[in-house]
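Student: See protein_14.cif below, with mmCIF, C-alpha atoms.
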```cif
data_target
loop_
_atom_site.group_PDB
_atom_site.id
_atom_site.type_symbol
_atom_site.label_atom_id
_atom_site.label_comp_id
_atom_site.auth_asym_id
_atom_site.auth_seq_id
_atom_site.Cartn_x
_atom_site.Cartn_y
_atom_site.Cartn_z
ATOM 1 C CA MET K 13 0.000 0.000 0.000
ATOM 2 C CA THR K 14 1.421 3.418 -0.921
ATOM 3 C CA GLU K 15 1.833 6.158 1.653
ATOM 4 C CA GLU K 16 -1.029 8.106 0.055
ATOM 5 C CA ALA K 17 -3.273 5.032 0.210
ATOM 6 C CA LEU K 18 -2.307 4.554 3.866
ATOM 7 C CA LEU K 19 -3.187 8.173 4.604
ATOM 8 C CA GLN K 20 -6.519 7.930 2.820
ATOM 9 C CA GLY K 21 -7.354 4.689 4.613
ATOM 10 C CA CYS K 22 -6.450 6.172 7.990
ATOM 11 C CA LEU K 23 -8.550 9.263 7.237
ATOM 12 C CA LYS K 24 -11.483 6.878 6.697
ATOM 13 C CA ASN K 25 -10.650 5.027 9.946
ATOM 14 C CA LYS K 26 -9.949 1.785 8.082
ATOM 15 C CA ALA K 27 -8.379 -0.689 10.503
ATOM 16 C CA THR K 28 -6.203 -2.317 7.825
ATOM 17 C CA ALA K 29 -4.633 1.030 6.888
ATOM 18 C CA GLN K 30 -4.120 1.948 10.535
ATOM 19 C CA ARG K 31 -2.525 -1.429 11.259
ATOM 20 C CA GLU K 32 -0.200 -1.085 8.256
ATOM 21 C CA LEU K 33 0.796 2.471 9.197
ATOM 22 C CA TYR K 34 1.494 1.317 12.749
ATOM 23 C CA THR K 35 3.519 -1.672 11.535
ATOM 24 C CA LYS K 36 5.528 0.493 9.151
ATOM 25 C CA TYR K 37 6.450 3.223 11.645
ATOM 26 C CA SER K 38 6.267 1.687 15.136
ATOM 27 C CA VAL K 39 9.615 -0.039 14.646
ATOM 28 C CA LYS K 40 11.236 3.375 14.100
ATOM 29 C CA MET K 41 9.301 5.132 16.854
ATOM 30 C CA LEU K 42 9.845 2.634 19.696
ATOM 31 C CA PRO K 43 13.537 3.584 20.058
ATOM 32 C CA VAL K 44 12.463 7.247 20.201
ATOM 33 C CA CYS K 45 10.099 6.414 23.073
ATOM 34 C CA TYR K 46 12.726 4.273 24.754
ATOM 35 C CA ARG K 47 15.076 7.251 25.015
ATOM 36 C CA TYR K 48 12.518 9.046 27.191
ATOM 37 C CA ALA K 49 11.077 6.082 29.075
ATOM 38 C CA HIS K 50 12.271 4.456 32.272
ATOM 39 C CA ASN K 51 11.931 0.956 30.828
ATOM 40 C CA ARG K 52 10.647 -0.932 27.793
ATOM 41 C CA GLU K 53 7.122 -1.247 29.186
ATOM 42 C CA ASP K 54 6.891 2.537 29.634
ATOM 43 C CA ALA K 55 8.290 3.011 26.115
ATOM 44 C CA GLU K 56 5.645 0.702 24.674
ATOM 45 C CA ASP K 57 2.929 2.605 26.555
ATOM 46 C CA MET K 58 4.287 5.898 25.168
ATOM 47 C CA LEU K 59 4.324 4.395 21.682
ATOM 48 C CA GLN K 60 0.708 3.261 21.962
ATOM 49 C CA GLU K 61 -0.438 6.631 23.234
ATOM 50 C CA GLY K 62 1.577 8.344 20.503
ATOM 51 C CA PHE K 63 -0.104 6.333 17.775
ATOM 52 C CA ILE K 64 -3.532 6.994 19.264
ATOM 53 C CA LYS K 65 -2.719 10.686 18.803
ATOM 54 C CA VAL K 66 -1.381 10.037 15.296
ATOM 55 C CA PHE K 67 -4.647 8.404 14.277
ATOM 56 C CA SER K 68 -6.806 11.053 15.945
ATOM 57 C CA GLN K 69 -4.779 13.881 14.344
ATOM 58 C CA ILE K 70 -4.064 12.329 10.932
ATOM 59 C CA HIS K 71 -6.439 14.844 9.337
ATOM 60 C CA THR K 72 -3.991 17.633 10.279
ATOM 61 C CA PHE K 73 -1.108 16.153 8.244
ATOM 62 C CA GLU K 74 -0.585 18.511 5.307
ATOM 63 C CA SER K 75 2.019 16.552 3.293
ATOM 64 C CA ARG K 76 4.510 19.434 3.547
ATOM 65 C CA GLY K 77 7.162 17.273 5.151
ATOM 66 C CA SER K 78 7.590 13.563 5.525
ATOM 67 C CA LEU K 79 4.911 11.501 7.206
ATOM 68 C CA GLU K 80 7.601 9.846 9.305
ATOM 69 C CA GLY K 81 8.815 13.239 10.559
ATOM 70 C CA TRP K 82 5.263 14.271 11.411
ATOM 71 C CA ILE K 83 4.690 11.019 13.317
ATOM 72 C CA ARG K 84 8.024 11.443 15.124
ATOM 73 C CA ARG K 85 7.072 14.944 16.324
ATOM 74 C CA ILE K 86 3.776 13.633 17.684
ATOM 75 C CA VAL K 87 5.527 10.728 19.420
ATOM 76 C CA VAL K 88 8.182 12.993 20.983
ATOM 77 C CA HIS K 89 5.543 15.431 22.233
ATOM 78 C CA THR K 90 3.526 12.516 23.584
ATOM 79 C CA CYS K 91 6.566 11.245 25.510
ATOM 80 C CA ILE K 92 7.217 14.707 26.962
ATOM 81 C CA ASN K 93 3.572 15.154 27.925
ATOM 82 C CA ILE K 94 3.544 11.774 29.667
ATOM 83 C CA LEU K 95 6.690 12.676 31.609
ATOM 84 C CA LYS K 96 5.209 16.020 32.620
ATOM 85 C CA LYS K 97 1.842 14.488 33.534
ATOM 86 C CA ASN K 98 3.533 11.913 35.728
ATOM 87 C CA LYS K 99 5.866 14.571 37.147
ATOM 88 C CA LYS K 100 8.816 12.350 36.307
ATOM 89 C CA PHE K 101 10.737 15.075 34.494
ATOM 90 C CA ASN K 102 11.557 17.002 37.653
ATOM 91 C CA ASP K 103 13.158 13.981 39.347
ATOM 92 C CA SER K 104 16.651 15.350 38.924
ATOM 93 C CA VAL K 105 16.557 18.781 37.351
ATOM 94 C CA ASP K 106 18.411 20.277 40.310
ATOM 95 C CA LEU K 107 21.316 17.839 40.398
ATOM 96 C CA ILE K 108 24.660 19.621 40.411
ATOM 97 C CA HIS K 109 27.436 18.056 38.405
ATOM 98 C CA ALA K 110 30.755 19.806 38.971
ATOM 99 C CA THR K 111 33.046 18.403 36.292
ATOM 100 C CA SER K 112 33.631 20.299 33.108
ATOM 101 C CA LEU K 113 35.454 17.644 31.111
ATOM 102 C CA GLN K 114 34.459 17.664 27.484
ATOM 103 C CA VAL K 115 34.991 15.319 24.556
ATOM 104 C CA ARG K 116 34.538 15.229 20.794
ATOM 105 C CA GLU K 117 32.326 12.675 19.085
ATOM 106 C CA GLU K 118 35.292 11.508 16.998
ATOM 107 C CA ASN K 119 36.762 9.947 20.152
ATOM 108 C CA ILE K 120 34.075 7.290 20.070
ATOM 109 C CA PRO K 121 36.025 4.555 18.291
ATOM 110 C CA SER K 122 33.307 2.849 16.276
ATOM 111 C CA ILE K 123 29.661 2.698 15.360
ATOM 112 C CA ILE K 124 29.489 -0.587 17.265
ATOM 113 C CA GLN K 125 29.705 1.453 20.450
ATOM 114 C CA ALA K 126 26.614 3.494 19.558
ATOM 115 C CA LYS K 127 24.440 1.088 21.555
ATOM 116 C CA GLN K 128 26.741 1.504 24.564
ATOM 117 C CA VAL K 129 26.508 5.283 24.257
ATOM 118 C CA ILE K 130 22.697 5.137 24.093
ATOM 119 C CA GLU K 131 22.667 2.948 27.202
ATOM 120 C CA CYS K 132 24.920 5.474 28.954
ATOM 121 C CA ILE K 133 22.517 8.261 27.999
ATOM 122 C CA ARG K 134 19.766 6.214 29.652
ATOM 123 C CA ILE K 135 21.780 6.304 32.921
ATOM 124 C CA LEU K 136 21.502 10.097 33.052
ATOM 125 C CA PRO K 137 18.918 11.596 35.391
ATOM 126 C CA LEU K 138 15.640 11.990 33.524
ATOM 127 C CA GLY K 139 15.801 15.797 33.320
ATOM 128 C CA TYR K 140 19.289 15.732 31.824
ATOM 129 C CA ARG K 141 18.436 12.852 29.486
ATOM 130 C CA THR K 142 15.292 14.572 28.235
ATOM 131 C CA VAL K 143 17.024 17.858 27.404
ATOM 132 C CA LEU K 144 19.977 16.030 25.819
ATOM 133 C CA ASN K 145 17.639 13.968 23.622
ATOM 134 C CA LEU K 146 15.539 16.959 22.596
ATOM 135 C CA TYR K 147 18.509 19.207 21.801
ATOM 136 C CA ALA K 148 21.281 16.940 20.518
ATOM 137 C CA ILE K 149 19.217 14.202 18.892
ATOM 138 C CA GLU K 150 15.838 15.707 17.975
ATOM 139 C CA GLY K 151 17.294 19.133 17.094
ATOM 140 C CA TYR K 152 14.960 21.366 19.097
ATOM 141 C CA SER K 153 16.272 24.761 20.230
ATOM 142 C CA HIS K 154 16.626 25.592 23.914
ATOM 143 C CA ARG K 155 13.704 28.007 23.560
ATOM 144 C CA GLU K 156 11.515 25.236 22.107
ATOM 145 C CA ILE K 157 12.626 22.833 24.837
ATOM 146 C CA GLY K 158 11.831 25.420 27.494
ATOM 147 C CA ASN K 159 8.324 25.812 26.080
ATOM 148 C CA MET K 160 7.807 22.047 25.831
ATOM 149 C CA LEU K 161 8.991 21.338 29.368
ATOM 150 C CA ASP K 162 7.698 24.511 31.031
ATOM 151 C CA ILE K 163 11.199 25.559 32.063
ATOM 152 C CA GLU K 164 13.317 28.621 31.331
ATOM 153 C CA GLU K 165 15.503 28.608 28.230
ATOM 154 C CA SER K 166 18.525 29.100 30.516
ATOM 155 C CA THR K 167 17.500 26.010 32.506
ATOM 156 C CA SER K 168 17.454 23.992 29.283
ATOM 157 C CA ARG K 169 20.950 25.252 28.453
ATOM 158 C CA SER K 170 22.320 24.418 31.892
ATOM 159 C CA GLN K 171 20.661 20.981 31.892
ATOM 160 C CA TYR K 172 22.223 20.277 28.498
ATOM 161 C CA THR K 173 25.675 21.399 29.664
ATOM 162 C CA ARG K 174 25.432 19.275 32.807
ATOM 163 C CA ALA K 175 24.099 16.311 30.815
ATOM 164 C CA LYS K 176 27.082 16.471 28.448
ATOM 165 C CA ALA K 177 29.540 16.593 31.339
ATOM 166 C CA MET K 178 27.840 13.742 33.194
ATOM 167 C CA LEU K 179 27.591 11.650 30.017
ATOM 168 C CA GLU K 180 31.262 12.192 29.349
ATOM 169 C CA ASP K 181 32.160 11.020 32.852
ATOM 170 C CA ILE K 182 30.022 7.914 32.408
ATOM 171 C CA LEU K 183 31.611 7.159 29.023
ATOM 172 C CA ILE K 184 35.100 7.563 30.494
ATOM 173 C CA LYS K 185 34.342 5.415 33.554
ATOM 174 C CA LYS K 186 32.931 2.667 31.339
ATOM 175 C CA ARG K 187 36.023 2.994 29.125
ATOM 176 C CA ILE K 188 33.947 3.700 26.041
ATOM 177 C CA ILE K 189 36.025 6.803 25.388
ATOM 178 C CA ASN K 190 39.409 8.004 26.591
ATOM 179 C CA LYS K 191 39.872 11.055 28.766
ATOM 180 C CA PRO K 192 39.722 14.028 26.377
ATOM 181 C CA LYS K 193 42.105 16.931 25.991
ATOM 182 C CA ASP K 194 39.955 20.057 26.415
ATOM 183 C CA GLU K 195 37.609 19.133 23.581
ATOM 184 C CA GLN K 196 33.886 19.565 23.417
ATOM 185 C CA LEU K 197 31.217 16.873 23.515
ATOM 186 C CA PHE K 198 29.077 17.010 20.389
ATOM 187 C CA ALA K 199 31.423 19.569 18.808
ATOM 188 C CA ALA K 200 31.550 17.572 15.591
ATOM 189 C CA SER K 201 27.792 17.844 15.191
ATOM 190 C CA GLY K 202 27.840 21.589 15.734
ATOM 191 C CA ARG K 203 25.319 21.263 18.605
ATOM 192 C CA HIS K 204 26.763 22.729 21.815
#
```
Could you show the structure in this file as structure tokens?
Tutor:
Amino acid sequence: MTEEALLQGCLKNKATAQRELYTKYSVKMLPVCYRYAHNREDAEDMLQEGFIKVFSQIHTFESRGSLEGWIRRIVVHTCINILKKNKKFNDSVDLIHATSLQVREENIPSIIQAKQVIECIRILPLGYRTVLNLYAIEGYSHREIGNMLDIEESTSRSQYTRAKAMLEDILIKKRIINKPKDEQLFAASGRH
């Protein structure tokens, strides 16, 4: 079934089209949810709620961008709203992390270690992890993150800075990267 046929079927609430759309995109969206969730069960719940919103809002998709990108935005916002509703985001927003060590992405030896890095990101306190995911991975600005999370833009910036430093320490302690020489985490991506 083509993407247009899927859209038309979903607009008509056809279960086969909805099932196919879910099957096609849920595999890509579950890892997105997992980055925000505490565990796989929570991620699956976020995914389900995200797709409920996708199906209820499918009529608002205007075909200006990709359908996958539109679904991803809905899923990310759903994850954030669930965290806020459950008051889980504020679990560790006030943690102070004193180190200022920084590292460049090129120091990560291979793509094989990407899974290890993602698991290390999951170790971060939820507030740090959420801001890091939204800024470095999803590409939202600190202003947008502040609006999404109901925090100040400066709080988003400080959470991101602390998240980078804490992530670097975790990566060094787990020997995934070597101790850097005054370089910046995420400098290669231009996001800092």
Student: Which residues, written as a ChimeraX atom specification, have at least one atom at most 10 Å from range 40-45 of chain K, with all atoms listed in the file counted and residues fewer than 2 positions away on the same chain left out?
Tutor: /K:34-38,47-52,54-60,62-63,80,83-84,87-88,90-92,145,149-150
Student: Please produce an output containing C-alpha atoms for each residue in the selection, written as a PDB file, in the coordinates of the input.
Tutor:
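Dumped to part02.pdb:
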```pdb
ATOM      1  CA  TYR K  34       1.494   1.317  12.749  1.00  0.00           C
ATOM      2  CA  THR K  35       3.519  -1.672  11.535  1.00  0.00           C
ATOM      3  CA  LYS K  36       5.528   0.493   9.151  1.00  0.00           C
ATOM      4  CA  TYR K  37       6.450   3.223  11.645  1.00  0.00           C
ATOM      5  CA  SER K  38       6.267   1.687  15.136  1.00  0.00           C
ATOM      6  CA  ARG K  47      15.076   7.251  25.015  1.00  0.00           C
ATOM      7  CA  TYR K  48      12.518   9.046  27.191  1.00  0.00           C
ATOM      8  CA  ALA K  49      11.077   6.082  29.075  1.00  0.00           C
ATOM      9  CA  HIS K  50      12.271   4.456  32.272  1.00  0.00           C
ATOM     10  CA  ASN K  51      11.931   0.956  30.828  1.00  0.00           C
ATOM     11  CA  ARG K  52      10.647  -0.932  27.793  1.00  0.00           C
ATOM     12  CA  ASP K  54       6.891   2.537  29.634  1.00  0.00           C
ATOM     13  CA  ALA K  55       8.290   3.011  26.115  1.00  0.00           C
ATOM     14  CA  GLU K  56       5.645   0.702  24.674  1.00  0.00           C
ATOM     15  CA  ASP K  57       2.929   2.605  26.555  1.00  0.00           C
ATOM     16  CA  MET K  58       4.287   5.898  25.168  1.00  0.00           C
ATOM     17  CA  LEU K  59       4.324   4.395  21.682  1.00  0.00           C
ATOM     18  CA  GLN K  60       0.708   3.261  21.962  1.00  0.00           C
ATOM     19  CA  GLY K  62       1.577   8.344  20.503  1.00  0.00           C
ATOM     20  CA  PHE K  63      -0.104   6.333  17.775  1.00  0.00           C
ATOM     21  CA  GLU K  80       7.601   9.846   9.305  1.00  0.00           C
ATOM     22  CA  ILE K  83       4.690  11.019  13.317  1.00  0.00           C
ATOM     23  CA  ARG K  84       8.024  11.443  15.124  1.00  0.00           C
ATOM     24  CA  VAL K  87       5.527  10.728  19.420  1.00  0.00           C
ATOM     25  CA  VAL K  88       8.182  12.993  20.983  1.00  0.00           C
ATOM     26  CA  THR K  90       3.526  12.516  23.584  1.00  0.00           C
ATOM     27  CA  CYS K  91       6.566  11.245  25.510  1.00  0.00           C
ATOM     28  CA  ILE K  92       7.217  14.707  26.962  1.00  0.00           C
ATOM     29  CA  ASN K 145      17.639  13.968  23.622  1.00  0.00           C
ATOM     30  CA  ILE K 149      19.217  14.202  18.892  1.00  0.00           C
ATOM     31  CA  GLU K 150      15.838  15.707  17.975  1.00  0.00           C
TER      32      GLU K 150
END
```
Student: With distances taken over only C-alpha atoms, which of K:Leu33, K:Ile64, K:Ile188, K:Leu23 is nearest to Cys132 in chain K?
Tutor: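 Under the stated criterion, the closest residue is K:Ile188.
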Student: Could you check the closest approach to Arg169 in chain K for each of K:Lys24, K:Ile184, K:Ile189, K:Gly139 and tell me which residue wins, using all atoms listed in the file?
Tutor: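 Closest residue, counting all atoms listed in the file: K:Gly139.
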Student: So, with only C-alpha atoms as the atoms that count, which of K:Asn98, K:Gln171, K:Ser68, K:Ser75 lies closest to Tyr147 in chain K?
Tutor: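 Checking each candidate against Tyr147 in chain K, we get K:Gln171 as the closest.
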Student: Nearest to Asn25 in chain K among K:Asn93, K:Thr173, K:Gln69, K:Thr142, with distances taken over all atoms listed in the file: which residue is it?
Tutor: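 Nearest candidate to Asn25 in chain K out of K:Asn93, K:Thr173, K:Gln69, K:Thr142: K:Gln69.
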Student: Which distance in Å separates CA of Leu144 in chain K and CA of Tyr172 in chain K, to one decimal?
Tutor: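 About the pair CA of Leu144 in chain K and CA of Tyr172 in chain K: they are 5.5 Å apart.
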Student: Between CA of Gly77 in chain K and CA of Tyr46 in chain K, what distance in Å does the model show, to one decimal?
Tutor: 24.2 Å
Student: So what do you get for CA of Gln128 in chain K versus CA of Ser166 in chain K, distance-wise?
Tutor: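 Value for the CA of Gln128 in chain K-CA of Ser166 in chain K distance: 29.4 Å.
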Student: Pick the closest to Cys22 in chain K from K:Arg155, K:Lys185, K:Lys176, K:His71: which is it, counting only C-alpha atoms?
Tutor: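 Ranking K:Arg155, K:Lys185, K:Lys176, K:His71 by distance to Cys22 in chain K, first place goes to K:His71.
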Student: Using all atoms listed in the file and a cutoff of 12 Å, can you tell me which residues are near (0.8, -3.2, -0.1) in the file's coordinates, and write them out as an NGL selection string?
Tutor: :K and (13-18 or 28-29 or 31-33 or 36)
Student: Please determine, counting all atoms listed in the file, which residue among K:Val39, K:Val129, K:Val143, K:Leu161 has the shortest atom-to-atom distance to Lys186 in chain K.
Tutor: K:Val129
